[in-house]
file work-v3.cif (mmCIF, C-alpha atoms)
data_start
#
loop_
_atom_site.group_PDB
_atom_site.id
_atom_site.type_symbol
_atom_site.label_atom_id
_atom_site.label_comp_id
_atom_site.auth_asym_id
_atom_site.auth_seq_id
_atom_site.Cartn_x
_atom_site.Cartn_y
_atom_site.Cartn_z
ATOM 1 C CA MET A 241 223.468 -19.471 -122.339
ATOM 2 C CA LYS A 242 221.478 -16.728 -120.654
ATOM 3 C CA LYS A 243 223.430 -13.786 -119.232
ATOM 4 C CA CYS A 244 222.786 -12.281 -115.785
ATOM 5 C CA ILE A 245 224.342 -9.288 -114.063
ATOM 6 C CA LEU A 246 224.047 -8.794 -110.314
ATOM 7 C CA ILE A 247 224.392 -5.167 -109.180
ATOM 8 C CA TYR A 248 224.589 -4.756 -105.419
ATOM 9 C CA ASN A 249 225.216 -1.954 -102.955
ATOM 10 C CA PRO A 250 227.787 -3.211 -100.405
ATOM 11 C CA VAL A 251 226.865 -0.541 -97.825
ATOM 12 C CA SER A 252 223.097 -0.920 -98.064
ATOM 13 C CA GLY A 253 221.159 -1.624 -94.874
ATOM 14 C CA LYS A 254 223.134 -3.746 -92.429
ATOM 15 C CA LYS A 255 225.811 -4.525 -95.062
ATOM 16 C CA GLU A 256 225.164 -8.256 -94.865
ATOM 17 C CA PHE A 257 224.312 -9.110 -98.470
ATOM 18 C CA ILE A 258 227.965 -9.650 -99.371
ATOM 19 C CA ASN A 259 227.851 -12.806 -97.230
ATOM 20 C CA LYS A 260 225.263 -14.254 -99.621
ATOM 21 C CA LEU A 261 227.069 -13.579 -102.903
ATOM 22 C CA ASP A 262 228.295 -17.153 -103.376
ATOM 23 C CA TYR A 263 224.826 -18.511 -102.640
ATOM 24 C CA VAL A 264 223.185 -16.227 -105.201
ATOM 25 C CA ARG A 265 225.839 -16.964 -107.834
ATOM 26 C CA ASP A 266 225.518 -20.717 -107.346
ATOM 27 C CA ARG A 267 221.740 -20.694 -107.708
ATOM 28 C CA LEU A 268 221.939 -18.620 -110.873
ATOM 29 C CA ILE A 269 224.560 -20.913 -112.407
ATOM 30 C CA GLU A 270 222.390 -23.917 -111.555
ATOM 31 C CA ALA A 271 219.528 -22.167 -113.373
ATOM 32 C CA GLY A 272 221.649 -21.879 -116.515
ATOM 33 C CA TYR A 273 222.981 -18.325 -116.293
ATOM 34 C CA VAL A 274 226.419 -16.915 -116.933
ATOM 35 C CA VAL A 275 226.806 -14.503 -114.026
ATOM 36 C CA ASP A 276 228.686 -11.212 -113.664
ATOM 37 C CA ILE A 277 228.753 -9.431 -110.300
ATOM 38 C CA LYS A 278 229.249 -5.684 -109.888
ATOM 39 C CA ALA A 279 229.383 -3.734 -106.616
ATOM 40 C CA THR A 280 228.500 -0.044 -106.567
ATOM 41 C CA LYS A 281 231.446 2.087 -105.494
ATOM 42 C CA LYS A 282 230.057 5.624 -105.366
ATOM 43 C CA PRO A 283 226.780 7.556 -105.545
ATOM 44 C CA LYS A 284 225.001 7.094 -108.905
ATOM 45 C CA HIS A 285 227.353 4.269 -109.896
ATOM 46 C CA ALA A 286 224.337 1.982 -110.288
ATOM 47 C CA ILE A 287 223.107 4.270 -113.083
ATOM 48 C CA GLU A 288 226.281 3.603 -115.054
ATOM 49 C CA LEU A 289 226.211 -0.133 -114.334
ATOM 50 C CA SER A 290 222.590 -0.536 -115.415
ATOM 51 C CA LYS A 291 223.250 1.357 -118.658
ATOM 52 C CA GLU A 292 226.121 -1.046 -119.365
ATOM 53 C CA ALA A 293 223.788 -3.970 -118.637
ATOM 54 C CA CYS A 294 221.485 -2.755 -121.412
ATOM 55 C CA GLU A 295 224.327 -2.144 -123.854
ATOM 56 C CA LYS A 296 225.769 -5.621 -123.241
ATOM 57 C CA LYS A 297 222.317 -7.175 -123.662
ATOM 58 C CA TYR A 298 222.005 -9.074 -120.387
ATOM 59 C CA ASP A 299 218.867 -11.160 -120.118
ATOM 60 C CA LEU A 300 218.462 -10.660 -116.373
ATOM 61 C CA MET A 301 219.596 -7.892 -114.038
ATOM 62 C CA ILE A 302 219.395 -8.610 -110.331
ATOM 63 C CA ILE A 303 219.484 -5.563 -108.067
ATOM 64 C CA SER A 304 220.369 -5.846 -104.396
ATOM 65 C CA GLY A 305 220.146 -2.737 -102.266
ATOM 66 C CA GLY A 306 217.606 -0.342 -100.868
ATOM 67 C CA ASP A 307 215.151 1.989 -102.547
ATOM 68 C CA GLY A 308 217.998 4.321 -103.569
ATOM 69 C CA THR A 309 219.909 1.603 -105.412
ATOM 70 C CA LEU A 310 216.743 0.498 -107.189
ATOM 71 C CA HIS A 311 216.027 4.137 -108.094
ATOM 72 C CA GLU A 312 219.468 4.570 -109.652
ATOM 73 C CA CYS A 313 219.134 1.379 -111.683
ATOM 74 C CA ILE A 314 215.758 2.461 -113.021
ATOM 75 C CA ASN A 315 217.256 5.783 -114.141
ATOM 76 C CA GLY A 316 220.006 3.907 -115.950
ATOM 77 C CA LEU A 317 217.642 1.424 -117.583
ATOM 78 C CA CYS A 318 215.093 3.980 -118.727
ATOM 79 C CA SER A 319 217.676 6.207 -120.393
ATOM 80 C CA VAL A 320 218.489 3.547 -123.012
ATOM 81 C CA GLY A 321 216.638 1.148 -125.306
ATOM 82 C CA LYS A 322 216.373 -2.609 -124.747
ATOM 83 C CA ARG A 323 216.265 -3.501 -121.067
ATOM 84 C CA PRO A 324 216.890 -6.735 -119.177
ATOM 85 C CA THR A 325 214.276 -8.263 -116.926
ATOM 86 C CA ILE A 326 214.701 -7.147 -113.296
ATOM 87 C CA GLY A 327 215.009 -9.386 -110.274
ATOM 88 C CA TYR A 328 215.106 -7.658 -106.890
ATOM 89 C CA ILE A 329 216.763 -8.707 -103.640
ATOM 90 C CA PRO A 330 215.945 -5.961 -101.086
ATOM 91 C CA SER A 331 218.750 -5.262 -98.606
ATOM 92 C CA GLY A 332 218.090 -1.669 -97.536
ATOM 93 C CA THR A 333 216.444 -0.282 -94.402
ATOM 94 C CA ALA A 334 212.934 0.482 -95.625
ATOM 95 C CA CYS A 335 212.531 -1.125 -99.090
ATOM 96 C CA ASP A 336 209.004 0.195 -99.646
ATOM 97 C CA LEU A 337 208.527 -1.218 -103.106
ATOM 98 C CA ALA A 338 209.714 -4.640 -101.961
ATOM 99 C CA ASN A 339 207.083 -4.506 -99.212
ATOM 100 C CA THR A 340 204.395 -3.742 -101.778
ATOM 101 C CA LEU A 341 205.609 -6.498 -104.102
ATOM 102 C CA LYS A 342 206.008 -8.873 -101.151
ATOM 103 C CA ILE A 343 209.650 -9.617 -101.886
ATOM 104 C CA SER A 344 211.376 -10.818 -98.745
ATOM 105 C CA LYS A 345 214.669 -9.449 -97.430
ATOM 106 C CA LYS A 346 215.660 -13.055 -96.874
ATOM 107 C CA VAL A 347 217.902 -13.753 -99.822
ATOM 108 C CA GLU A 348 216.768 -17.342 -100.185
ATOM 109 C CA LYS A 349 213.098 -16.330 -100.529
ATOM 110 C CA ALA A 350 213.901 -13.454 -102.876
ATOM 111 C CA MET A 351 215.861 -15.854 -105.096
ATOM 112 C CA ASP A 352 212.919 -18.264 -105.111
ATOM 113 C CA ILE A 353 210.780 -15.501 -106.624
ATOM 114 C CA ILE A 354 213.460 -14.569 -109.176
ATOM 115 C CA LEU A 355 213.849 -18.150 -110.380
ATOM 116 C CA SER A 356 210.246 -19.376 -110.148
ATOM 117 C CA GLY A 357 208.105 -16.225 -110.246
ATOM 118 C CA VAL A 358 206.374 -14.536 -113.174
ATOM 119 C CA THR A 359 207.443 -11.521 -115.227
ATOM 120 C CA VAL A 360 205.179 -8.469 -115.227
ATOM 121 C CA LYS A 361 205.429 -5.110 -116.959
ATOM 122 C CA MET A 362 205.437 -2.169 -114.547
ATOM 123 C CA ASP A 363 204.841 1.532 -115.113
ATOM 124 C CA VAL A 364 207.707 4.014 -114.650
ATOM 125 C CA ILE A 365 207.248 7.749 -114.157
ATOM 126 C CA GLN A 366 209.412 10.271 -115.957
ATOM 127 C CA SER A 367 209.834 13.753 -114.503
ATOM 128 C CA ASN A 368 211.870 16.838 -115.245
ATOM 129 C CA LYS A 369 214.090 15.670 -112.361
ATOM 130 C CA GLY A 370 214.589 12.110 -113.586
ATOM 131 C CA PHE A 371 212.736 8.789 -113.558
ATOM 132 C CA PHE A 372 211.208 7.221 -110.477
ATOM 133 C CA LEU A 373 209.463 3.949 -109.802
ATOM 134 C CA TYR A 374 207.182 4.234 -106.784
ATOM 135 C CA VAL A 375 207.029 7.703 -105.160
ATOM 136 C CA ALA A 376 207.779 11.398 -105.527
ATOM 137 C CA ALA A 377 206.865 13.532 -102.530
ATOM 138 C CA ILE A 378 207.293 16.997 -101.095
ATOM 139 C CA GLY A 379 206.411 18.345 -97.655
ATOM 140 C CA THR A 380 206.432 17.051 -94.115
ATOM 141 C CA TYR A 381 208.750 14.143 -93.263
ATOM 142 C CA VAL A 382 209.723 13.389 -96.877
ATOM 143 C CA ASP A 383 213.431 14.015 -96.265
ATOM 144 C CA ILE A 384 213.675 11.429 -93.475
ATOM 145 C CA SER A 385 215.134 8.688 -95.673
ATOM 146 C CA TYR A 386 218.199 10.719 -96.643
ATOM 147 C CA VAL A 387 218.772 12.946 -93.597
ATOM 148 C CA THR A 388 218.744 10.030 -91.144
ATOM 149 C CA ASP A 389 222.275 9.111 -90.100
ATOM 150 C CA SER A 390 223.510 5.964 -91.883
ATOM 151 C CA LYS A 391 225.068 4.556 -88.696
ATOM 152 C CA LEU A 392 221.749 5.017 -86.908
ATOM 153 C CA LYS A 393 219.972 3.136 -89.717
ATOM 154 C CA LYS A 394 222.485 0.303 -89.518
ATOM 155 C CA TYR A 395 221.961 -0.305 -85.795
ATOM 156 C CA LEU A 396 218.306 0.674 -85.336
ATOM 157 C CA GLY A 397 216.796 -0.124 -88.723
ATOM 158 C CA HIS A 398 213.360 1.402 -89.344
ATOM 159 C CA ALA A 399 213.310 2.892 -85.814
ATOM 160 C CA ALA A 400 216.012 5.342 -86.940
ATOM 161 C CA TYR A 401 213.494 6.938 -89.288
ATOM 162 C CA ILE A 402 211.014 7.336 -86.444
ATOM 163 C CA ILE A 403 213.601 9.172 -84.343
ATOM 164 C CA THR A 404 214.285 11.597 -87.186
ATOM 165 C CA GLY A 405 210.549 12.029 -87.749
ATOM 166 C CA VAL A 406 210.022 13.136 -84.158
ATOM 167 C CA LYS A 407 212.457 15.982 -84.778
ATOM 168 C CA GLU A 408 210.339 17.221 -87.705
ATOM 169 C CA PHE A 409 207.038 17.020 -85.832
ATOM 170 C CA PHE A 410 206.979 20.759 -85.128
ATOM 171 C CA THR A 411 208.183 22.035 -88.514
ATOM 172 C CA ILE A 412 205.236 21.602 -90.879
ATOM 173 C CA PRO A 413 205.754 23.436 -94.214
ATOM 174 C CA MET A 414 203.006 25.483 -95.896
ATOM 175 C CA ILE A 415 203.488 24.966 -99.640
ATOM 176 C CA LYS A 416 201.580 27.208 -102.059
ATOM 177 C CA THR A 417 200.856 25.007 -105.074
ATOM 178 C CA THR A 418 198.962 24.690 -108.343
ATOM 179 C CA ILE A 419 198.364 21.141 -109.573
ATOM 180 C CA GLU A 420 197.270 20.345 -113.121
ATOM 181 C CA HIS A 421 196.101 16.791 -113.826
ATOM 182 C CA ASP A 422 193.869 14.823 -116.213
ATOM 183 C CA GLY A 423 190.752 15.891 -114.323
ATOM 184 C CA GLY A 424 191.422 19.611 -113.917
ATOM 185 C CA THR A 425 193.337 22.021 -111.672
ATOM 186 C CA LEU A 426 193.820 22.056 -107.914
ATOM 187 C CA LYS A 427 195.152 25.106 -106.033
ATOM 188 C CA GLY A 428 195.931 25.904 -102.417
ATOM 189 C CA TYR A 429 198.363 25.529 -99.547
ATOM 190 C CA PHE A 430 199.500 22.001 -98.837
ATOM 191 C CA SER A 431 201.682 20.425 -96.158
ATOM 192 C CA LEU A 432 202.362 17.166 -98.004
ATOM 193 C CA MET A 433 201.936 15.909 -101.574
ATOM 194 C CA MET A 434 202.722 12.414 -102.817
ATOM 195 C CA VAL A 435 202.751 10.881 -106.282
ATOM 196 C CA VAL A 436 202.566 7.137 -105.729
ATOM 197 C CA ASN A 437 202.962 3.972 -107.811
ATOM 198 C CA SER A 438 202.918 1.580 -104.877
ATOM 199 C CA LYS A 439 200.831 0.476 -101.928
ATOM 200 C CA LYS A 440 203.342 1.406 -99.251
ATOM 201 C CA VAL A 441 205.411 4.539 -98.652
ATOM 202 C CA ALA A 442 207.682 4.858 -95.601
ATOM 203 C CA GLY A 443 206.185 1.613 -94.315
ATOM 204 C CA PHE A 444 202.601 2.934 -94.313
ATOM 205 C CA ASN A 445 199.709 1.806 -96.503
ATOM 206 C CA ILE A 446 199.075 4.894 -98.625
ATOM 207 C CA ILE A 447 197.101 3.446 -101.562
ATOM 208 C CA ASP A 448 194.528 0.777 -100.779
ATOM 209 C CA LYS A 449 194.385 -1.007 -104.148
ATOM 210 C CA PRO A 450 197.119 0.251 -106.473
ATOM 211 C CA ILE A 451 197.353 -0.884 -110.084
ATOM 212 C CA LEU A 452 200.957 -0.789 -111.236
ATOM 213 C CA ASP A 453 200.650 -1.391 -114.970
ATOM 214 C CA ASP A 454 197.735 0.738 -116.240
ATOM 215 C CA GLY A 455 199.550 3.964 -117.164
ATOM 216 C CA LEU A 456 198.097 5.923 -114.237
ATOM 217 C CA ILE A 457 199.591 7.165 -110.973
ATOM 218 C CA ASP A 458 197.928 7.901 -107.645
ATOM 219 C CA VAL A 459 198.215 11.417 -106.241
ATOM 220 C CA VAL A 460 197.579 12.194 -102.569
ATOM 221 C CA THR A 461 197.442 15.794 -101.295
ATOM 222 C CA TYR A 462 197.168 17.077 -97.722
ATOM 223 C CA ARG A 463 195.848 20.592 -97.213
ATOM 224 C CA TYR A 464 197.751 22.784 -94.775
ATOM 225 C CA VAL A 465 195.551 23.034 -91.676
ATOM 226 C CA PRO A 466 197.082 25.028 -88.779
ATOM 227 C CA PHE A 467 197.669 22.876 -85.668
ATOM 228 C CA LEU A 468 195.941 19.855 -87.209
ATOM 229 C CA ASN A 469 198.387 18.624 -89.851
ATOM 230 C CA ASN A 470 199.907 15.858 -87.754
ATOM 231 C CA LEU A 471 196.426 14.700 -86.775
ATOM 232 C CA LEU A 472 195.542 14.394 -90.474
ATOM 233 C CA TYR A 473 198.674 12.301 -91.041
ATOM 234 C CA PHE A 474 197.885 10.061 -88.090
ATOM 235 C CA ILE A 475 194.327 9.451 -89.252
ATOM 236 C CA SER A 476 195.466 8.848 -92.832
ATOM 237 C CA PHE A 477 198.512 6.643 -92.179
ATOM 238 C CA ILE A 478 197.355 4.695 -89.125
ATOM 239 C CA LEU A 479 193.551 4.555 -89.242
ATOM 240 C CA THR A 480 193.325 4.667 -93.088
ATOM 241 C CA PRO A 481 189.669 5.692 -93.553
ATOM 242 C CA LYS A 482 188.485 6.116 -97.139
ATOM 243 C CA VAL A 483 187.456 9.770 -96.702
ATOM 244 C CA ILE A 484 189.363 12.382 -94.672
ATOM 245 C CA PRO A 485 188.635 16.146 -94.720
ATOM 246 C CA GLY A 486 191.595 17.992 -96.215
ATOM 247 C CA VAL A 487 192.986 14.894 -97.932
ATOM 248 C CA ARG A 488 192.348 14.268 -101.616
ATOM 249 C CA LYS A 489 193.269 11.277 -103.767
ATOM 250 C CA PHE A 490 192.995 10.952 -107.538
ATOM 251 C CA ARG A 491 194.568 9.103 -110.487
ATOM 252 C CA THR A 492 196.147 10.650 -113.566
ATOM 253 C CA SER A 493 198.458 9.914 -116.480
ATOM 254 C CA LYS A 494 200.055 13.367 -116.605
ATOM 255 C CA LEU A 495 200.750 15.828 -113.837
ATOM 256 C CA LYS A 496 202.200 19.299 -113.298
ATOM 257 C CA ILE A 497 202.917 20.478 -109.763
ATOM 258 C CA MET A 498 203.923 24.136 -109.690
ATOM 259 C CA THR A 499 205.466 25.643 -106.569
ATOM 260 C CA ASP A 500 208.325 27.973 -105.681
ATOM 261 C CA HIS A 501 208.630 26.587 -102.143
ATOM 262 C CA PRO A 502 212.264 25.771 -101.191
ATOM 263 C CA HIS A 503 211.390 22.337 -99.780
ATOM 264 C CA LYS A 504 213.122 19.615 -101.806
ATOM 265 C CA TRP A 505 211.485 16.662 -103.495
ATOM 266 C CA ASN A 506 211.983 13.055 -102.469
ATOM 267 C CA MET A 507 212.110 10.512 -105.309
ATOM 268 C CA ASP A 508 212.158 6.855 -104.290
ATOM 269 C CA GLY A 509 213.875 7.903 -101.062
ATOM 270 C CA GLU A 510 216.490 10.039 -102.817
ATOM 271 C CA GLU A 511 216.809 13.821 -102.610
ATOM 272 C CA ALA A 512 215.864 15.855 -105.713
ATOM 273 C CA ASN A 513 215.859 19.596 -106.382
ATOM 274 C CA SER A 514 213.019 21.838 -105.259
ATOM 275 C CA GLY A 515 210.658 23.606 -107.657
ATOM 276 C CA ASN A 516 208.085 22.587 -110.257
ATOM 277 C CA LEU A 517 207.547 18.934 -111.122
ATOM 278 C CA ASN A 518 206.292 17.765 -114.522
ATOM 279 C CA LEU A 519 205.361 14.089 -114.771
ATOM 280 C CA THR A 520 204.452 11.594 -117.475
ATOM 281 C CA VAL A 521 203.708 7.911 -116.899
ATOM 282 C CA HIS A 522 205.455 5.429 -119.186
ATOM 283 C CA LYS A 523 203.086 2.499 -119.231
ATOM 284 C CA GLN A 524 204.636 -0.934 -118.661
ATOM 285 C CA ALA A 525 208.161 0.411 -119.242
ATOM 286 C CA ILE A 526 210.095 -2.244 -117.307
ATOM 287 C CA GLU A 527 209.815 -5.971 -116.710
ATOM 288 C CA ILE A 528 210.205 -7.224 -113.139
ATOM 289 C CA ILE A 529 209.790 -10.673 -111.595
ATOM 290 C CA VAL A 530 207.159 -11.097 -108.860
ATOM 291 C CA SER A 531 205.143 -13.930 -107.351
ATOM 292 C CA LYS A 532 201.938 -15.119 -109.027
ATOM 293 C CA GLU A 533 199.932 -13.757 -106.095
ATOM 294 C CA VAL A 534 201.379 -10.261 -106.497
ATOM 295 C CA LYS A 535 200.765 -10.304 -110.255
ATOM 296 C CA LYS A 536 197.130 -11.145 -109.688
ATOM 297 C CA LYS A 537 196.743 -8.425 -107.038
ATOM 298 C CA TYR A 538 198.553 -5.411 -108.548
ATOM 299 C CA PHE A 539 199.056 -6.072 -112.266
ATOM 300 C CA LYS A 540 195.851 -6.113 -114.285
ATOM 301 C CA GLU A 541 197.157 -5.835 -117.850
ATOM 302 C CA SER A 542 200.563 -7.587 -117.848
#

call {"tool": "encode", "arguments": {"input": "work-v3.cif", "output": "structure tokens"}}
result
Amino acid sequence: MKKCILIYNPVSGKKEFINKLDYVRDRLIEAGYVVDIKATKKPKHAIELSKEACEKKYDLMIISGGDGTLHECINGLCSVGKRPTIGYIPSGTACDLANTLKISKKVEKAMDIILSGVTVKMDVIQSNKGFFLYVAAIGTYVDISYVTDSKLKKYLGHAAYIITGVKEFFTIPMIKTTIEHDGGTLKGYFSLMMVVNSKKVAGFNIIDKPILDDGLIDVVTYRYVPFLNNLLYFISFILTPKVIPGVRKFRTSKLKIMTDHPHKWNMDGEEANSGNLNLTVHKQAIEIIVSKEVKKKYFKES
């Protein structure tokens, strides 16, 4: 029989997934799986659990939690050899990657995709600060996901992030940076830089037509422009024109971002150390289950 492990974060989002455990287990058993269920009990516990899932050779690993839980599992999976196929049940506040992959927070619909969807191979990015799946960012607003009070997120959901963002409106950083990529070198002062393997970040459409399995990542940089930075963000995030002065987008397989600015990096919604960032894309490093429509839209080689 096929083996499945379910790793879930009991305090993710509104803490309601635990009420669906029996439902998920029953559907998996009906589909022919032997099921083990593990709850995370501390920060980075999902890293340990996902490593064990590889060592014990599970066929399927279902992850339920937010972007942080998914991030930890990816770091566990990518640090070892053979990896199980991933099924995702988003239960966090934002769940940006789930929004891109059109995986519903409704457990029943997410399970439908896991049991009747298609398996694709997705790129993973390795950095000197760890692996990440869909975004690494530094600059304005990037710390919102982990500085926002957890109680506020539970009761207000995505609106809690907006409240925190208002507080940061007047504190735009000026980050002196040198960026080396496949196409050359970029230097200057920037207020925000994002490395993206997704369509959505923080709920906004950042990349119009991402390709998630071609070994390349999208990079978006925002020049520091006194008094106009928030206007650039508004135009970029809300109006989404293809060309914006001060905003540059390009694709690359390798990337070095060099800066001594004290601002910390955000990786998949989790806080990482400040300083230089060296990146390499691992093409099609993980297998994840999505709908046929999503495969056709974002996965060109799987």

call {"tool": "atom_distance", "arguments": {"input": "work-v3.cif", "atom1": "atom CA of A:Asp454", "atom2": "atom CA of A:Thr425"}}
result
22.2 Å

call {"tool": "residues_near_point", "arguments": {"input": "work-v3.cif", "point": "(198.7, 5.5, -98.1)", "cutoff": "12 Å", "atoms": "all atoms listed in the file", "output": "PyMOL selection string"}}
result
chain A and resi 336+340+375+433-450+458-462+473-482+487-489

call {"tool": "atom_distance", "arguments": {"input": "work-v3.cif", "atom1": "atom CA of A:Ile528", "atom2": "atom CA of A:Lys282"}}
result
24.9 Å

call {"tool": "closest_residue", "arguments": {"input": "work-v3.cif", "among": "A:Phe257, A:Tyr248, A:Tyr298, A:Tyr464", "to": "A:Ala279", "atoms": "all atoms listed in the file"}}
result
A:Tyr248

call {"tool": "closest_residue", "arguments": {"input": "work-v3.cif", "among": "A:Ser304, A:Ser290, A:Asn506, A:Thr520", "to": "A:Glu256", "atoms": "only C-alpha atoms"}}
result
A:Ser304

call {"tool": "residues_around", "arguments": {"input": "work-v3.cif", "residues": "A:Leu452", "least_positions_apart": "4", "cutoff": "7 Å", "atoms": "all atoms listed in the file", "output": "MDAnalysis selection string"}}
result
chainID A and resid 362:363 437 538:539

call {"tool": "closest_residue", "arguments": {"input": "work-v3.cif", "among": "A:Val382, A:Leu300, A:Val347, A:Leu471", "to": "A:Gly509", "atoms": "all atoms listed in the file"}}
result
A:Val382

call {"tool": "closest_residue", "arguments": {"input": "work-v3.cif", "among": "A:Leu355, A:Ile314, A:Val360, A:Ala338", "to": "A:Lys540", "atoms": "all atoms listed in the file"}}
result
A:Val360

call {"tool": "closest_residue", "arguments": {"input": "work-v3.cif", "among": "A:Asp299, A:Asp262, A:Asp508, A:Asp453", "to": "A:Asn315", "atoms": "all atoms listed in the file"}}
result
A:Asp508

call {"tool": "residues_near_point", "arguments": {"input": "work-v3.cif", "point": "(202.4, 25.3, -98.0)", "cutoff": "6 Å", "atoms": "only C-alpha atoms", "output": "CSV table (one decimal) with C-alpha atoms, in the frame of the given file"}}
result
chain,number,residue,atom,x,y,z
A,413,PRO,CA,205.8,23.4,-94.2
A,414,MET,CA,203.0,25.5,-95.9
A,415,ILE,CA,203.5,25.0,-99.6
A,416,LYS,CA,201.6,27.2,-102.1
A,429,TYR,CA,198.4,25.5,-99.5
A,430,PHE,CA,199.5,22.0,-98.8
A,431,SER,CA,201.7,20.4,-96.2

call {"tool": "closest_residue", "arguments": {"input": "work-v3.cif", "among": "A:Ile258, A:Leu472, A:Leu426, A:Leu373", "to": "A:Ile484", "atoms": "only C-alpha atoms"}}
result
A:Leu472

call {"tool": "atom_distance", "arguments": {"input": "work-v3.cif", "atom1": "atom CA of A:Tyr328", "atom2": "atom CA of A:Cys313"}}
result
11.0 Å

call {"tool": "resolve_selection", "arguments": {"input": "work-v3.cif", "expression": "the PyMOL selection byres ((chain A and resi 273) around 10)", "output": "PDB file with C-alpha atoms, in the frame of the given file"}}
result
ATOM      1  CA  MET A 241     223.468 -19.471-122.339  1.00  0.00           C
ATOM      2  CA  LYS A 242     221.478 -16.728-120.654  1.00  0.00           C
ATOM      3  CA  LYS A 243     223.430 -13.786-119.232  1.00  0.00           C
ATOM      4  CA  CYS A 244     222.786 -12.281-115.785  1.00  0.00           C
ATOM      5  CA  ILE A 245     224.342  -9.288-114.063  1.00  0.00           C
ATOM      6  CA  ARG A 265     225.839 -16.964-107.834  1.00  0.00           C
ATOM      7  CA  ASP A 266     225.518 -20.717-107.346  1.00  0.00           C
ATOM      8  CA  ARG A 267     221.740 -20.694-107.708  1.00  0.00           C
ATOM      9  CA  LEU A 268     221.939 -18.620-110.873  1.00  0.00           C
ATOM     10  CA  ILE A 269     224.560 -20.913-112.407  1.00  0.00           C
ATOM     11  CA  GLU A 270     222.390 -23.917-111.555  1.00  0.00           C
ATOM     12  CA  ALA A 271     219.528 -22.167-113.373  1.00  0.00           C
ATOM     13  CA  GLY A 272     221.649 -21.879-116.515  1.00  0.00           C
ATOM     14  CA  VAL A 274     226.419 -16.915-116.933  1.00  0.00           C
ATOM     15  CA  VAL A 275     226.806 -14.503-114.026  1.00  0.00           C
ATOM     16  CA  ASP A 276     228.686 -11.212-113.664  1.00  0.00           C
ATOM     17  CA  ASP A 299     218.867 -11.160-120.118  1.00  0.00           C
ATOM     18  CA  LEU A 300     218.462 -10.660-116.373  1.00  0.00           C
TER      19      LEU A 300
END
